[in-house]
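Participant: Take a look at this one; I'll ask things after.
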Amino acid sequence: MVHRVGYAPGVYDLFHVGHLNILRHARSQCDYLVAGVVSDEMAALAKGHRPVIPLPERLEIVRSVRYVDAAFVETVPDKVETWQQVRFDVIFKGDDWRGTEKGERLERDFAEVGVEVVYFPYTVHTSSTQLRQALDTLVNPQPGALSAP
């Protein structure tokens, strides 16, 4: 019997329905799902800012999702190096990676070690970036902007 291990990496900051959708879809395509939670330092390197929610809390949230069998703290930018530690058969990414330089590099690198790359639809109407921008606007309103009474 084949035991298919899946890996769903992400920052998982400001956890929202898009994150839940990826984890749900990922779990439906594997027997065991590991969620890779990107460290604060790696997130800052990749996105230019640290997550709003600190790593221990993001890790606890992701571990608590019923679709997730295990959570792993991602501390290196190289996904193949992460694969050497976790040993998954398939990696799940949002389809905003499909056709990009990052996505094509990911596909090439994982083809060499026999890992399948599966893309899921990106939740367009909700993202951590949008939520972060909304929070920034509430905390630091622009001069002349209307404020709530």
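Residues in the structure tokens are numbered from 1 in each chain, the chains being A, B, ... in the order shown, and ligands are numbered from 1 in the order shown.
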For Asp13 of chain A, work out the shell of residues within 9 Å, counting only C-alpha atoms and skipping chain neighbours fewer than 2 positions away, then give it as a PDB file with C-alpha atoms, in the first residue's frame.

Facilitator:
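Done, and the output landed in selection15.pdb:
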ATOM      1  CA  GLY A  10       3.211  28.775   3.965  1.00  0.00           C
ATOM      2  CA  VAL A  11       3.656  31.634   6.360  1.00  0.00           C
ATOM      3  CA  PHE A  15      -4.904  32.676   9.217  1.00  0.00           C
ATOM      4  CA  HIS A  16      -7.887  32.908   6.863  1.00  0.00           C
ATOM      5  CA  PRO A  51       4.517  38.200  10.207  1.00  0.00           C
ATOM      6  CA  VAL A  52       1.943  39.893  12.433  1.00  0.00           C
ATOM      7  CA  ILE A  53       1.371  36.650  14.332  1.00  0.00           C
ATOM      8  CA  PRO A  54       4.567  35.204  15.889  1.00  0.00           C
ATOM      9  CA  LEU A  55       5.771  31.737  14.868  1.00  0.00           C
ATOM     10  CA  ARG A  58       1.041  30.372  13.865  1.00  0.00           C
ATOM     11  CA  SER A 128      -2.843  37.865   4.326  1.00  0.00           C
TER      12      SER A 128
END

Participant: Which is closer to Val86 of chain A than all the others in A:Arg98, A:Tyr7, A:Val118, A:Asp40, using only C-alpha atoms?

Facilitator: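 So, comparing all the options, the nearest one is A:Tyr7.
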
Participant: For Arg66 of chain A, which residue out of A:Lys93, A:Arg24, A:His19, A:Lys47 is the nearest one, using only C-alpha atoms?

Facilitator: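 Closest candidate: A:Arg24.
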
Participant: Separation of atom CA of Pro77 of chain A and atom CA of Leu33 of chain A, in Å?

Facilitator: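 So the two atoms, atom CA of Pro77 of chain A and atom CA of Leu33 of chain A, lie 20.1 Å apart.
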